[in-house]
file query02.txt (compact mmCIF, C-alpha atoms)
# COMPACT_ATOMS: atom_id res chain seq x y z
CA SER Q 1 -6.92 28.96 -131.08
CA PHE Q 2 -9.29 31.27 -129.22
CA ALA Q 3 -9.85 33.05 -132.56
CA TYR Q 4 -11.08 29.80 -134.14
CA PHE Q 5 -13.72 29.22 -131.45
CA THR Q 6 -14.83 32.84 -131.71
CA ILE Q 7 -15.43 32.55 -135.44
CA LYS Q 8 -16.89 29.03 -135.23
CA ASP Q 9 -19.22 29.53 -132.24
CA ARG Q 10 -19.55 33.10 -131.03
CA LEU Q 11 -20.05 34.95 -134.32
CA PRO Q 12 -22.83 32.65 -135.66
CA GLN Q 13 -24.58 33.03 -132.27
CA ILE Q 14 -24.41 36.81 -132.61
CA LEU Q 15 -25.81 36.65 -136.16
CA THR Q 16 -28.64 34.39 -134.98
CA ARG Q 17 -29.51 36.92 -132.28
CA VAL Q 18 -29.49 39.76 -134.81
CA ILE Q 19 -31.86 37.84 -137.10
CA ASP Q 20 -34.09 37.06 -134.12
CA THR Q 21 -34.13 40.74 -133.09
CA LEU Q 22 -35.32 41.77 -136.55
CA HIS Q 23 -38.06 39.07 -136.46
CA ARG Q 24 -39.28 40.35 -133.10
CA HIS Q 25 -39.55 43.93 -134.39
CA LYS Q 26 -41.58 42.97 -137.45
CA ASN Q 27 -44.82 44.46 -136.08
CA GLU Q 28 -43.09 47.65 -135.09
CA PHE Q 29 -41.66 48.00 -138.63
CA PHE Q 30 -45.16 47.41 -140.02
CA GLU Q 31 -46.73 50.02 -137.71
CA GLU Q 32 -44.10 52.61 -138.59
CA HIS Q 33 -43.57 51.95 -142.28
CA GLY Q 34 -46.38 49.64 -143.45
CA GLU Q 35 -45.60 46.93 -146.02
CA LYS Q 36 -42.34 48.66 -146.93
CA GLY Q 37 -41.03 48.07 -143.41
CA VAL Q 38 -41.93 44.36 -143.53
CA GLU Q 39 -40.35 43.93 -146.97
CA ALA Q 40 -37.17 45.65 -145.76
CA GLU Q 41 -37.07 43.38 -142.70
CA LYS Q 42 -37.37 40.27 -144.91
CA ARG Q 43 -34.58 41.46 -147.21
CA ALA Q 44 -32.30 42.26 -144.27
CA ILE Q 45 -32.94 38.82 -142.74
CA SER Q 46 -32.21 37.04 -146.00
CA PHE Q 47 -28.98 39.05 -146.35
CA LEU Q 48 -27.95 38.07 -142.79
CA SER Q 49 -28.90 34.40 -143.23
CA LYS Q 50 -26.69 34.29 -146.32
CA LEU Q 51 -23.90 35.93 -144.31
CA ARG Q 52 -24.23 33.31 -141.56
CA ASN Q 53 -24.07 30.53 -144.12
CA GLU Q 54 -20.93 32.02 -145.74
CA LEU Q 55 -19.30 32.24 -142.32
CA GLN Q 56 -20.16 28.70 -141.22
CA THR Q 57 -19.04 27.12 -144.50
CA ASP Q 58 -15.75 29.05 -144.71
CA LYS Q 59 -16.60 30.83 -147.96
CA PRO Q 60 -14.23 33.48 -149.37
CA VAL Q 61 -14.65 36.99 -148.04
CA THR Q 62 -16.41 39.02 -150.75
CA PRO Q 63 -16.05 42.72 -151.58
CA LEU Q 64 -18.68 45.07 -150.16
CA GLU Q 65 -21.34 46.01 -152.70
CA ASP Q 66 -22.93 48.94 -150.90
CA GLU Q 67 -22.37 52.62 -151.59
CA LEU Q 68 -21.49 53.60 -148.02
CA PRO Q 69 -18.59 56.06 -147.58
CA ASP Q 70 -16.15 53.48 -146.23
CA ALA Q 71 -16.83 50.71 -148.80
CA ALA Q 72 -13.84 51.58 -151.00
CA LEU Q 73 -11.46 51.44 -148.01
CA TRP Q 74 -12.85 48.03 -147.02
CA ASN Q 75 -12.43 46.68 -150.55
CA GLN Q 76 -8.86 48.02 -150.75
CA TYR Q 77 -8.16 46.24 -147.49
CA LEU Q 78 -9.50 42.99 -148.94
CA ASP Q 79 -7.08 43.39 -151.88
CA TYR Q 80 -4.29 43.98 -149.40
CA GLN Q 81 -5.20 40.71 -147.61
CA ARG Q 82 -5.33 38.86 -150.96
CA ASN Q 83 -1.83 40.00 -151.84
CA LEU Q 84 -0.07 39.31 -148.55
CA PRO Q 85 3.14 37.43 -149.37
CA ASN Q 86 2.52 34.83 -146.63
CA GLY Q 87 -1.26 34.73 -147.11
CA SER Q 88 -3.33 31.97 -148.68
CA GLY Q 89 -4.41 34.10 -151.64
CA GLU Q 90 -8.19 34.26 -151.26
CA PRO Q 91 -9.13 35.28 -147.69
CA SER Q 92 -11.94 33.16 -146.26
CA TRP Q 93 -13.66 33.17 -142.89
CA PHE Q 94 -11.38 30.62 -141.26
CA GLN Q 95 -8.21 31.39 -143.27
CA SER Q 96 -7.80 35.08 -142.43
CA PRO Q 97 -6.69 37.26 -139.55
CA TRP Q 98 -9.28 37.09 -136.78
CA LEU Q 99 -9.45 40.88 -136.30
CA TYR Q 100 -10.19 41.38 -140.00
CA VAL Q 101 -13.04 38.87 -140.38
CA GLU Q 102 -14.62 39.82 -137.07
CA CYS Q 103 -14.71 43.52 -138.06
CA TYR Q 104 -15.92 42.48 -141.52
CA MET Q 105 -18.89 40.62 -140.02
CA TYR Q 106 -20.07 43.71 -138.10
CA ARG Q 107 -19.65 45.84 -141.20
CA ARG Q 108 -21.79 43.38 -143.18
CA ILE Q 109 -24.46 43.44 -140.45
CA HIS Q 110 -24.50 47.21 -140.84
CA ALA Q 111 -24.83 46.87 -144.63
CA ALA Q 112 -27.81 44.50 -144.25
CA LEU Q 113 -29.75 47.34 -142.63
CA ALA Q 114 -28.21 50.35 -144.37
CA GLN Q 115 -29.17 48.91 -147.77
CA ASN Q 116 -32.76 48.31 -146.73
CA PRO Q 117 -34.59 51.55 -146.03
CA PRO Q 118 -36.87 52.44 -144.30
CA ILE Q 119 -35.31 50.36 -141.48
CA ASP Q 120 -31.79 51.51 -142.35
CA ASN Q 121 -31.31 53.39 -139.06
CA PHE Q 122 -32.38 50.51 -136.83
CA ASP Q 123 -29.64 49.49 -134.33
CA VAL Q 124 -29.96 45.72 -133.92
CA PHE Q 125 -27.90 45.87 -130.70
CA LYS Q 126 -29.77 48.74 -129.03
CA GLU Q 127 -31.96 46.57 -126.79
CA GLY Q 128 -29.00 44.67 -125.36
CA LYS Q 129 -27.16 47.89 -124.57
CA ALA Q 130 -30.22 49.36 -122.84
CA GLN Q 131 -30.77 46.14 -120.91
CA ASN Q 132 -27.15 46.20 -119.69
CA PHE Q 133 -27.71 49.75 -118.45
CA PHE Q 134 -30.96 48.95 -116.60
CA GLU Q 135 -29.67 45.70 -115.10
CA SER Q 136 -26.59 47.50 -113.77
CA GLN Q 137 -28.76 50.07 -111.93
CA GLU Q 138 -27.50 49.24 -108.45
CA ALA Q 139 -23.86 49.50 -109.47
CA ILE Q 140 -24.60 52.77 -111.30
CA ILE Q 141 -26.37 54.20 -108.23
CA THR Q 142 -23.42 53.20 -106.01
CA LEU Q 143 -20.97 54.88 -108.40
CA CYS Q 144 -23.05 58.07 -108.82
CA THR Q 145 -23.55 58.35 -105.04
CA TYR Q 146 -19.84 57.92 -104.38
CA PHE Q 147 -19.05 60.42 -107.10
CA GLN Q 148 -21.42 63.10 -105.80
CA GLU Q 149 -19.96 62.70 -102.29
CA LEU Q 150 -16.48 63.08 -103.78
CA LEU Q 151 -17.52 66.32 -105.51
CA LYS Q 152 -18.41 67.97 -102.22
CA ASN Q 153 -14.83 67.54 -101.02
CA VAL Q 154 -12.82 67.68 -104.24
CA LYS Q 155 -11.62 71.25 -103.58
CA ASP Q 156 -10.20 70.24 -100.19
CA LEU Q 157 -8.25 67.20 -101.33
CA ASP Q 158 -4.47 67.36 -101.02
CA GLU Q 159 -2.27 65.97 -103.78
CA LYS Q 160 -2.03 62.46 -102.33
CA GLN Q 161 -5.81 62.21 -101.85
CA LEU Q 162 -6.37 63.48 -105.38
CA ARG Q 163 -4.03 60.81 -106.70
CA ASP Q 164 -5.81 58.09 -104.71
CA GLU Q 165 -9.19 59.15 -106.08
CA LEU Q 166 -7.85 59.19 -109.64
CA PHE Q 167 -6.49 55.66 -109.14
CA LYS Q 168 -9.85 54.51 -107.80
CA LEU Q 169 -11.78 55.87 -110.78
CA LEU Q 170 -9.20 54.52 -113.25
CA GLN Q 171 -9.72 51.07 -111.72
CA VAL Q 172 -13.52 51.39 -111.79
CA SER Q 173 -13.23 52.31 -115.49
CA LEU Q 174 -10.81 49.42 -116.09
CA TRP Q 175 -13.04 46.77 -114.49
CA GLY Q 176 -16.17 48.35 -115.98
CA ASN Q 177 -14.76 46.86 -119.18
CA LYS Q 178 -15.80 43.38 -117.98
CA CYS Q 179 -19.37 44.15 -119.15
CA ASP Q 180 -18.95 43.25 -122.80
CA LEU Q 181 -21.82 41.86 -124.85
CA SER Q 182 -19.77 40.67 -127.84
CA PHE Q 183 -17.69 38.62 -125.40
CA SER Q 184 -20.78 36.88 -124.00
CA ALA Q 185 -22.37 36.69 -127.48
CA GLY Q 186 -25.08 39.03 -126.22
CA GLU Q 187 -25.90 37.17 -122.98
CA ASP Q 188 -26.43 39.20 -119.80
CA SER Q 189 -23.18 40.80 -118.71
CA SER Q 190 -24.46 43.56 -116.47
CA GLN Q 191 -22.63 44.78 -113.38
CA LYS Q 192 -24.46 43.49 -110.32
CA SER Q 193 -22.03 44.17 -107.47
CA SER Q 194 -20.67 47.45 -106.12
CA PRO Q 195 -17.91 48.66 -108.43
CA LEU Q 196 -15.98 50.18 -105.51
CA GLN Q 197 -15.99 47.53 -102.79
CA SER Q 198 -13.76 45.00 -104.45
CA LEU Q 199 -11.06 47.34 -105.85
CA GLU Q 200 -8.45 46.47 -103.20
CA ASN Q 201 -8.83 42.75 -103.89
CA MET Q 202 -8.55 43.29 -107.64
CA VAL Q 203 -5.17 45.06 -107.59
CA PRO Q 204 -3.17 41.80 -107.87
CA TYR Q 205 -5.03 41.06 -111.13
CA ILE Q 206 -3.71 44.24 -112.81
CA LEU Q 207 -0.75 42.69 -114.65
CA VAL Q 208 0.75 46.01 -115.78
CA ASN Q 209 -0.10 48.94 -113.55
CA ASP Q 210 1.10 52.28 -114.93
CA MET Q 211 -1.38 54.47 -113.01
CA GLU Q 212 1.53 56.32 -111.41
CA LYS Q 213 2.77 57.37 -114.88
CA VAL Q 214 -0.70 58.62 -115.85
CA TRP Q 215 -0.87 60.63 -112.62
CA SER Q 216 2.55 62.24 -113.06
CA LEU Q 217 1.76 63.17 -116.69
CA LEU Q 218 -1.50 64.88 -115.69
CA VAL Q 219 -0.20 66.56 -112.56
CA ASN Q 220 2.83 67.93 -114.45
CA ALA Q 221 0.56 69.26 -117.19
CA LYS Q 222 -1.56 70.93 -114.51
CA LYS Q 223 1.49 72.56 -112.87
CA THR Q 224 2.99 73.85 -116.11
CA ARG Q 225 -0.19 74.95 -117.86
CA THR Q 226 -0.56 78.60 -118.89
CA GLU Q 227 -3.63 80.76 -119.48
CA ARG Q 228 -3.57 79.86 -123.15
CA SER Q 229 -2.94 76.11 -122.93
CA ASN Q 230 -5.81 73.75 -122.26
CA ILE Q 231 -5.16 70.26 -120.91
CA ARG Q 232 -7.02 67.90 -123.18
CA VAL Q 233 -7.75 64.22 -122.51
CA ASP Q 234 -9.27 61.95 -125.18
CA ILE Q 235 -11.14 58.80 -124.21
CA ILE Q 236 -11.51 56.23 -126.98
CA LEU Q 237 -14.65 54.51 -125.76
CA ASP Q 238 -15.56 50.85 -125.71
CA ASN Q 239 -18.88 49.53 -124.37
CA ALA Q 240 -22.12 51.37 -123.68
CA GLY Q 241 -24.08 50.54 -120.51
CA PHE Q 242 -22.30 50.38 -117.16
CA GLU Q 243 -18.81 50.78 -118.63
CA LEU Q 244 -19.74 54.07 -120.29
CA VAL Q 245 -20.99 55.43 -116.94
CA THR Q 246 -17.60 54.60 -115.37
CA ASP Q 247 -15.87 56.47 -118.21
CA LEU Q 248 -18.11 59.51 -117.75
CA ALA Q 249 -17.39 59.60 -113.99
CA LEU Q 250 -13.65 59.41 -114.66
CA ALA Q 251 -13.93 62.19 -117.26
CA ASP Q 252 -15.85 64.48 -114.93
CA PHE Q 253 -13.38 63.86 -112.11
CA LEU Q 254 -10.52 64.92 -114.41
CA LEU Q 255 -12.32 68.22 -115.05
CA LEU Q 256 -13.32 68.91 -111.45
CA SER Q 257 -9.84 68.15 -110.11
CA LYS Q 258 -8.37 70.47 -112.79
CA LEU Q 259 -6.30 67.60 -114.17
CA ALA Q 260 -8.00 68.32 -117.51
CA ASP Q 261 -9.86 71.26 -119.06
CA GLU Q 262 -11.62 69.44 -121.88
CA ILE Q 263 -12.50 65.84 -122.67
CA TYR Q 264 -13.05 64.42 -126.14
CA PHE Q 265 -14.94 61.13 -126.34
CA HIS Q 266 -14.51 58.96 -129.42
CA GLY Q 267 -17.30 56.49 -130.21
CA LYS Q 268 -18.39 54.38 -133.17
CA ASN Q 269 -20.34 55.83 -136.08
CA ILE Q 270 -22.22 52.55 -136.71
CA PRO Q 271 -23.42 49.78 -134.34
CA TRP Q 272 -20.31 47.71 -133.62
CA TYR Q 273 -19.18 44.63 -131.67
CA VAL Q 274 -22.66 44.30 -130.10
CA SER Q 275 -22.17 46.73 -127.21
CA ASP Q 276 -19.84 49.48 -128.47
CA THR Q 277 -20.91 53.08 -127.83
CA THR Q 278 -22.47 55.09 -130.67
CA LYS Q 279 -23.50 58.74 -130.48
CA HIS Q 280 -27.08 57.65 -129.81
CA ASP Q 281 -25.95 55.43 -126.90
CA PHE Q 282 -23.84 58.25 -125.49
CA ASN Q 283 -26.67 60.81 -125.51
CA TRP Q 284 -29.27 58.24 -124.41
CA THR Q 285 -27.18 57.23 -121.37
CA ILE Q 286 -26.76 60.81 -120.17
CA LYS Q 287 -30.50 61.45 -120.69
CA GLN Q 288 -31.41 58.27 -118.76
CA LEU Q 289 -29.21 59.32 -115.87
CA GLY Q 290 -30.61 62.86 -115.90
CA SER Q 291 -34.23 61.65 -115.75
CA ALA Q 292 -33.62 58.85 -113.21
CA ASN Q 293 -35.69 59.03 -110.03
CA HIS Q 294 -32.56 58.67 -107.93
CA MET Q 295 -31.16 61.98 -106.72
CA TRP Q 296 -27.45 61.32 -107.33
CA MET Q 297 -27.96 59.54 -110.62
CA SER Q 298 -29.99 62.44 -111.97
CA ARG Q 299 -27.48 64.95 -110.58
CA CYS Q 300 -24.72 63.20 -112.55
CA GLY Q 301 -26.81 63.13 -115.73
CA ILE Q 302 -27.76 66.83 -115.46
CA ASN Q 303 -24.16 67.88 -114.79
CA TRP Q 304 -22.87 65.79 -117.67
CA GLU Q 305 -25.49 67.21 -120.03
CA GLY Q 306 -24.16 70.61 -118.89
CA ASN Q 307 -20.57 69.63 -119.77
CA LEU Q 308 -21.71 68.85 -123.31
CA LYS Q 309 -23.63 72.15 -123.60
CA LYS Q 310 -20.58 74.09 -122.37
CA GLY Q 311 -18.41 72.34 -124.92
CA ILE Q 312 -15.92 71.03 -122.33
CA TRP Q 313 -17.10 67.54 -123.27
CA VAL Q 314 -17.17 66.74 -126.98
CA PHE Q 315 -18.38 63.51 -128.60
CA CYS Q 316 -16.80 62.59 -131.94
CA ASP Q 317 -17.13 59.58 -134.19
CA HIS Q 318 -14.89 58.83 -137.14
CA MET Q 319 -15.26 56.01 -139.61
CA PHE Q 320 -11.69 54.86 -138.92
CA TRP Q 321 -12.77 53.28 -135.61
CA THR Q 322 -14.95 50.82 -137.57
CA LEU Q 323 -12.41 49.90 -140.23
CA PRO Q 324 -10.37 46.67 -140.01
CA HIS Q 325 -7.05 48.53 -139.89
CA ASP Q 326 -4.89 48.50 -136.81
CA PHE Q 327 -3.94 51.87 -135.38
CA SER Q 328 -0.41 51.91 -136.79
CA SER Q 329 -1.95 52.70 -140.19
CA MET Q 330 -4.11 55.58 -138.89
CA SER Q 331 -1.68 58.31 -140.00
CA GLU Q 332 -2.01 57.04 -143.60
CA VAL Q 333 -5.65 55.94 -143.71
CA ALA Q 334 -7.14 58.72 -141.53
CA PRO Q 335 -4.58 61.55 -141.29
CA ASP Q 336 -7.34 63.94 -140.12
CA LEU Q 337 -8.08 61.75 -137.07
CA TYR Q 338 -4.38 61.26 -136.34
CA ALA Q 339 -3.86 65.04 -136.42
CA GLU Q 340 -6.82 65.50 -134.07
CA LEU Q 341 -5.38 63.02 -131.56
CA GLN Q 342 -2.03 64.82 -131.69
CA LYS Q 343 -3.71 67.78 -129.97
CA SER Q 344 -4.28 65.67 -126.85
CA ASN Q 345 -2.21 65.54 -123.66
CA LEU Q 346 -3.36 61.98 -122.97
CA LEU Q 347 -5.26 59.33 -124.93
CA LEU Q 348 -7.13 56.71 -122.88
CA PHE Q 349 -7.98 53.64 -124.94
CA LYS Q 350 -10.74 51.53 -123.40
CA GLY Q 351 -11.16 47.82 -123.82
CA ASP Q 352 -9.95 44.74 -125.60
CA LEU Q 353 -10.68 45.59 -129.24
CA ASN Q 354 -8.75 48.86 -128.94
CA TYR Q 355 -5.86 46.92 -127.39
CA ARG Q 356 -5.88 44.45 -130.27
CA LYS Q 357 -5.78 47.32 -132.74
CA LEU Q 358 -3.03 49.11 -130.78
CA THR Q 359 -0.82 46.01 -130.87
CA GLY Q 360 -1.77 44.76 -134.35
CA ASP Q 361 -3.53 41.74 -132.78
CA ARG Q 362 -0.41 39.61 -133.10
CA LYS Q 363 0.76 36.63 -131.10
CA TRP Q 364 3.55 38.56 -129.41
CA GLU Q 365 5.94 37.20 -126.82
CA TYR Q 366 4.50 38.46 -123.52
CA SER Q 367 7.64 40.43 -122.67
CA VAL Q 368 7.80 42.47 -125.90
CA PRO Q 369 7.67 46.17 -124.85
CA PHE Q 370 4.29 47.90 -125.35
CA HIS Q 371 6.11 50.73 -127.16
CA GLN Q 372 7.45 48.27 -129.75
CA ALA Q 373 4.07 46.57 -130.29
CA LEU Q 374 2.49 49.98 -131.03
CA ASN Q 375 4.52 49.97 -134.25
CA LYS Q 376 5.14 53.75 -134.41
CA PHE Q 377 1.58 54.72 -133.40
CA HIS Q 378 2.38 57.73 -131.18
CA PRO Q 379 0.03 60.67 -131.78
CA ALA Q 380 0.28 61.58 -128.07
CA PRO Q 381 1.03 59.89 -124.73
CA LEU Q 382 -1.45 57.04 -124.41
CA CYS Q 383 -2.76 54.55 -121.89
CA SER Q 384 -4.75 51.37 -122.44
CA LEU Q 385 -7.35 50.39 -119.80
CA ARG Q 386 -8.15 46.85 -120.76
CA THR Q 387 -9.64 43.70 -119.29
CA LEU Q 388 -8.07 40.68 -121.05
CA LYS Q 389 -10.54 38.89 -123.33
CA SER Q 390 -8.29 37.77 -126.19
CA ASP Q 391 -4.89 36.17 -126.47
CA THR Q 392 -2.72 39.19 -127.25
CA GLN Q 393 -0.65 40.63 -124.42
CA VAL Q 394 2.64 42.54 -124.33
CA GLY Q 395 4.75 44.46 -121.83
CA LEU Q 396 4.83 41.81 -119.10
CA LYS Q 397 7.88 41.08 -116.95
CA PRO Q 398 9.97 38.12 -118.17
CA GLY Q 399 8.29 34.91 -117.03
CA GLN Q 400 5.14 36.66 -115.73
CA GLY Q 401 2.81 35.37 -118.46
CA GLU Q 402 4.26 31.84 -118.40
CA GLN Q 403 3.83 31.69 -114.63
CA ILE Q 404 0.10 32.58 -114.80
CA GLN Q 405 -0.37 30.28 -117.80
CA ALA Q 406 0.88 27.32 -115.73
CA SER Q 407 -1.88 27.70 -113.13
CA GLU Q 408 -4.60 29.34 -115.25
CA PRO Q 409 -4.64 28.32 -118.93
CA GLU Q 410 -7.62 30.66 -119.61
CA TRP Q 411 -6.02 33.78 -118.08
CA MET Q 412 -5.87 35.71 -121.36
CA VAL Q 413 -9.51 35.29 -122.28
CA ASN Q 414 -11.59 34.99 -119.11
CA GLY Q 415 -11.82 38.70 -118.24
CA LYS Q 416 -10.25 38.18 -114.81
CA TYR Q 417 -7.03 40.10 -115.47
CA GLY Q 418 -6.49 43.68 -116.62
CA VAL Q 419 -3.79 46.16 -117.61
CA VAL Q 420 -3.32 49.90 -117.20
CA GLN Q 421 -0.55 50.20 -119.76
CA PHE Q 422 1.08 53.53 -120.57
CA ASP Q 423 3.32 54.70 -123.39
CA ALA Q 424 4.82 58.18 -123.29
CA GLY Q 425 5.22 58.29 -127.05
CA LEU Q 426 8.32 59.43 -128.86

call {"tool": "encode", "arguments": {"input": "query02.txt", "output": "structure tokens"}}
result
Amino acid sequence: SFAYFTIKDRLPQILTRVIDTLHRHKNEFFEEHGEKGVEAEKRAISFLSKLRNELQTDKPVTPLEDELPDAALWNQYLDYQRNLPNGSGEPSWFQSPWLYVECYMYRRIHAALAQNPPIDNFDVFKEGKAQNFFESQEAIITLCTYFQELLKNVKDLDEKQLRDELFKLLQVSLWGNKCDLSFSAGEDSSQKSSPLQSLENMVPYILVNDMEKVWSLLVNAKKTRTERSNIRVDIILDNAGFELVTDLALADFLLLSKLADEIYFHGKNIPWYVSDTTKHDFNWTIKQLGSANHMWMSRCGINWEGNLKKGIWVFCDHMFWTLPHDFSSMSEVAPDLYAELQKSNLLLFKGDLNYRKLTGDRKWEYSVPFHQALNKFHPAPLCSLRTLKSDTQVGLKPGQGEQIQASEPEWMVNGKYGVVQFDAGL
């Protein structure tokens, strides 16, 4: 299965890169922290080398031994896996659900650093995320320029034009999800071409296209809103770098077109899946844009900094996003987060990992309804913007998946296809 090759090939590659990154920063750790920094780096590397060996030799998954706030939840989840009626008893790297062991690896990478101060706040993936941002400069400039032009005319757009612009930015945000560093095991995955030119040609590759439903939800909310009711959209983020910029442009457009009054962004509270957005990445990206020596890039960055200061943009991170649980267990495991999401008019879930957690990462029949696969996860109306990079897909028309499969065996994992998949909730 695709999962097998991910665990066998991609995850050890990622661990090797992490170890290499720590090696390369040895001098920096010494300059900042003296011998203590070098000792911590050695301990972290030995911890990670052991982890890589466990993975490659299919050892049992062991309980977490750190004191971090989520450790108990992780260890409970391991017990749950041990006691599954159809399980093999002792979960090991190759005899466990893919989603679980993949999340577990990233959590162990985090532990390797968190347990070794003074380098405990070092993000081993930071360089790759920054590189993706800088190597996508041209695409970012194109997007920021387009966006600033759009702003000049946004007040004069009629309803149809507004809808067309929303659809454009939804698609830019959807295909921005191609730039995923965990998918390429950390190789270059920056956006080199213009994100806007090819949109027309990409439409046939959107297998489920519910943009119309998203539009009617937002436009109805706008028409029925009162003085006291704010329209709130939550974006559950995926990758930093170019994809994050596409999400920020979409978010600002929602505000400026009055389709939303406030946007909540949900990121990861620890480095995750190589390129996922943390609070540091979020703030760093907006600062980079603001200080860029390109007029429209810096205009975007300054305006977006302003949205944060005004409180109409809010960044939140919750430890639930970096647990192994799928989202159907959120109301039990993280009732506070579930209650927060219930305040939203629309939840936009970015990317493949969020899709896997929405659908329980199961091998569904392609035509199973999205609503059914969500397994009662309905805090608010939600939409998944996802480029396919793993072999879970639901909500297709009968025969649609089989037809593509016949001509393109890799269609579910090559990042060529996408979905904009909506569920109205209860």

call {"tool": "residues_around", "arguments": {"input": "query02.txt", "residues": "Glu35 (chain Q)", "least_positions_apart": "5", "cutoff": "12 Å", "atoms": "only C-alpha atoms", "output": "list in words"}}
result
Lys26, Asn27, Glu28, Phe29, Phe30, Ala40, Glu41, Lys42, Pro117, Pro118 and Ile119 of chain Q

call {"tool": "write_last_selection", "arguments": {"input": "query02.txt", "atoms": "C-alpha atoms", "output": "short mmCIF file (atom, residue, chain, number, x, y, z; two decimals), in the frame of the given file"}}
result
data_model
loop_
_atom_site.label_atom_id
_atom_site.label_comp_id
_atom_site.auth_asym_id
_atom_site.auth_seq_id
_atom_site.Cartn_x
_atom_site.Cartn_y
_atom_site.Cartn_z
CA LYS Q 26 -41.58 42.97 -137.45
CA ASN Q 27 -44.82 44.46 -136.08
CA GLU Q 28 -43.09 47.65 -135.09
CA PHE Q 29 -41.66 48.00 -138.63
CA PHE Q 30 -45.16 47.41 -140.02
CA ALA Q 40 -37.17 45.65 -145.76
CA GLU Q 41 -37.07 43.38 -142.70
CA LYS Q 42 -37.37 40.27 -144.91
CA PRO Q 117 -34.59 51.55 -146.03
CA PRO Q 118 -36.87 52.44 -144.30
CA ILE Q 119 -35.31 50.36 -141.48
#

call {"tool": "closest_residue", "arguments": {"input": "query02.txt", "among": "Q:Leu11, Q:Leu169, Q:Phe320, Q:Leu64", "to": "Glu332 (chain Q)", "atoms": "only C-alpha atoms"}}
result
Q:Phe320

call {"tool": "residues_around", "arguments": {"input": "query02.txt", "residues": "region 378-389 of chain Q", "least_positions_apart": "2", "cutoff": "8 Å", "atoms": "all atoms listed in the file", "output": "PDB file with C-alpha atoms, in the coordinates of the input"}}
result
ATOM      1  CA  LEU Q 170      -9.200  54.520-113.250  1.00  0.00           C
ATOM      2  CA  SER Q 173     -13.230  52.310-115.490  1.00  0.00           C
ATOM      3  CA  LEU Q 174     -10.810  49.420-116.090  1.00  0.00           C
ATOM      4  CA  TRP Q 175     -13.040  46.770-114.490  1.00  0.00           C
ATOM      5  CA  ASN Q 177     -14.760  46.860-119.180  1.00  0.00           C
ATOM      6  CA  LYS Q 178     -15.800  43.380-117.980  1.00  0.00           C
ATOM      7  CA  PHE Q 183     -17.690  38.620-125.400  1.00  0.00           C
ATOM      8  CA  VAL Q 214      -0.700  58.620-115.850  1.00  0.00           C
ATOM      9  CA  TYR Q 338      -4.380  61.260-136.340  1.00  0.00           C
ATOM     10  CA  ALA Q 339      -3.860  65.040-136.420  1.00  0.00           C
ATOM     11  CA  LEU Q 341      -5.380  63.020-131.560  1.00  0.00           C
ATOM     12  CA  GLN Q 342      -2.030  64.820-131.690  1.00  0.00           C
ATOM     13  CA  LYS Q 343      -3.710  67.780-129.970  1.00  0.00           C
ATOM     14  CA  SER Q 344      -4.280  65.670-126.850  1.00  0.00           C
ATOM     15  CA  ASN Q 345      -2.210  65.540-123.660  1.00  0.00           C
ATOM     16  CA  LEU Q 346      -3.360  61.980-122.970  1.00  0.00           C
ATOM     17  CA  LEU Q 347      -5.260  59.330-124.930  1.00  0.00           C
ATOM     18  CA  LEU Q 348      -7.130  56.710-122.880  1.00  0.00           C
ATOM     19  CA  PHE Q 349      -7.980  53.640-124.940  1.00  0.00           C
ATOM     20  CA  LYS Q 350     -10.740  51.530-123.400  1.00  0.00           C
ATOM     21  CA  GLY Q 351     -11.160  47.820-123.820  1.00  0.00           C
ATOM     22  CA  ASP Q 352      -9.950  44.740-125.600  1.00  0.00           C
ATOM     23  CA  TYR Q 355      -5.860  46.920-127.390  1.00  0.00           C
ATOM     24  CA  LEU Q 374       2.490  49.980-131.030  1.00  0.00           C
ATOM     25  CA  LYS Q 376       5.140  53.750-134.410  1.00  0.00           C
ATOM     26  CA  ASP Q 391      -4.890  36.170-126.470  1.00  0.00           C
ATOM     27  CA  TRP Q 411      -6.020  33.780-118.080  1.00  0.00           C
ATOM     28  CA  MET Q 412      -5.870  35.710-121.360  1.00  0.00           C
ATOM     29  CA  VAL Q 413      -9.510  35.290-122.280  1.00  0.00           C
ATOM     30  CA  ASN Q 414     -11.590  34.990-119.110  1.00  0.00           C
ATOM     31  CA  GLY Q 415     -11.820  38.700-118.240  1.00  0.00           C
ATOM     32  CA  LYS Q 416     -10.250  38.180-114.810  1.00  0.00           C
ATOM     33  CA  TYR Q 417      -7.030  40.100-115.470  1.00  0.00           C
ATOM     34  CA  GLY Q 418      -6.490  43.680-116.620  1.00  0.00           C
ATOM     35  CA  VAL Q 419      -3.790  46.160-117.610  1.00  0.00           C
ATOM     36  CA  VAL Q 420      -3.320  49.900-117.200  1.00  0.00           C
ATOM     37  CA  GLN Q 421      -0.550  50.200-119.760  1.00  0.00           C
ATOM     38  CA  PHE Q 422       1.080  53.530-120.570  1.00  0.00           C
ATOM     39  CA  ASP Q 423       3.320  54.700-123.390  1.00  0.00           C
ATOM     40  CA  ALA Q 424       4.820  58.180-123.290  1.00  0.00           C
ATOM     41  CA  GLY Q 425       5.220  58.290-127.050  1.00  0.00           C
ATOM     42  CA  LEU Q 426       8.320  59.430-128.860  1.00  0.00           C
TER      43      LEU Q 426
END

call {"tool": "atom_distance", "arguments": {"input": "query02.txt", "atom1": "CA of Ala3 (chain Q)", "atom2": "CA of Gly395 (chain Q)"}}
result
21.4 Å

call {"tool": "atom_distance", "arguments": {"input": "query02.txt", "atom1": "CA of Met330 (chain Q)", "atom2": "CA of Leu55 (chain Q)"}}
result
28.1 Å

call {"tool": "closest_residue", "arguments": {"input": "query02.txt", "among": "Q:Asn75, Q:Pro195, Q:Lys50, Q:Ser1", "to": "Thr392 (chain Q)", "atoms": "only C-alpha atoms"}}
result
Q:Ser1
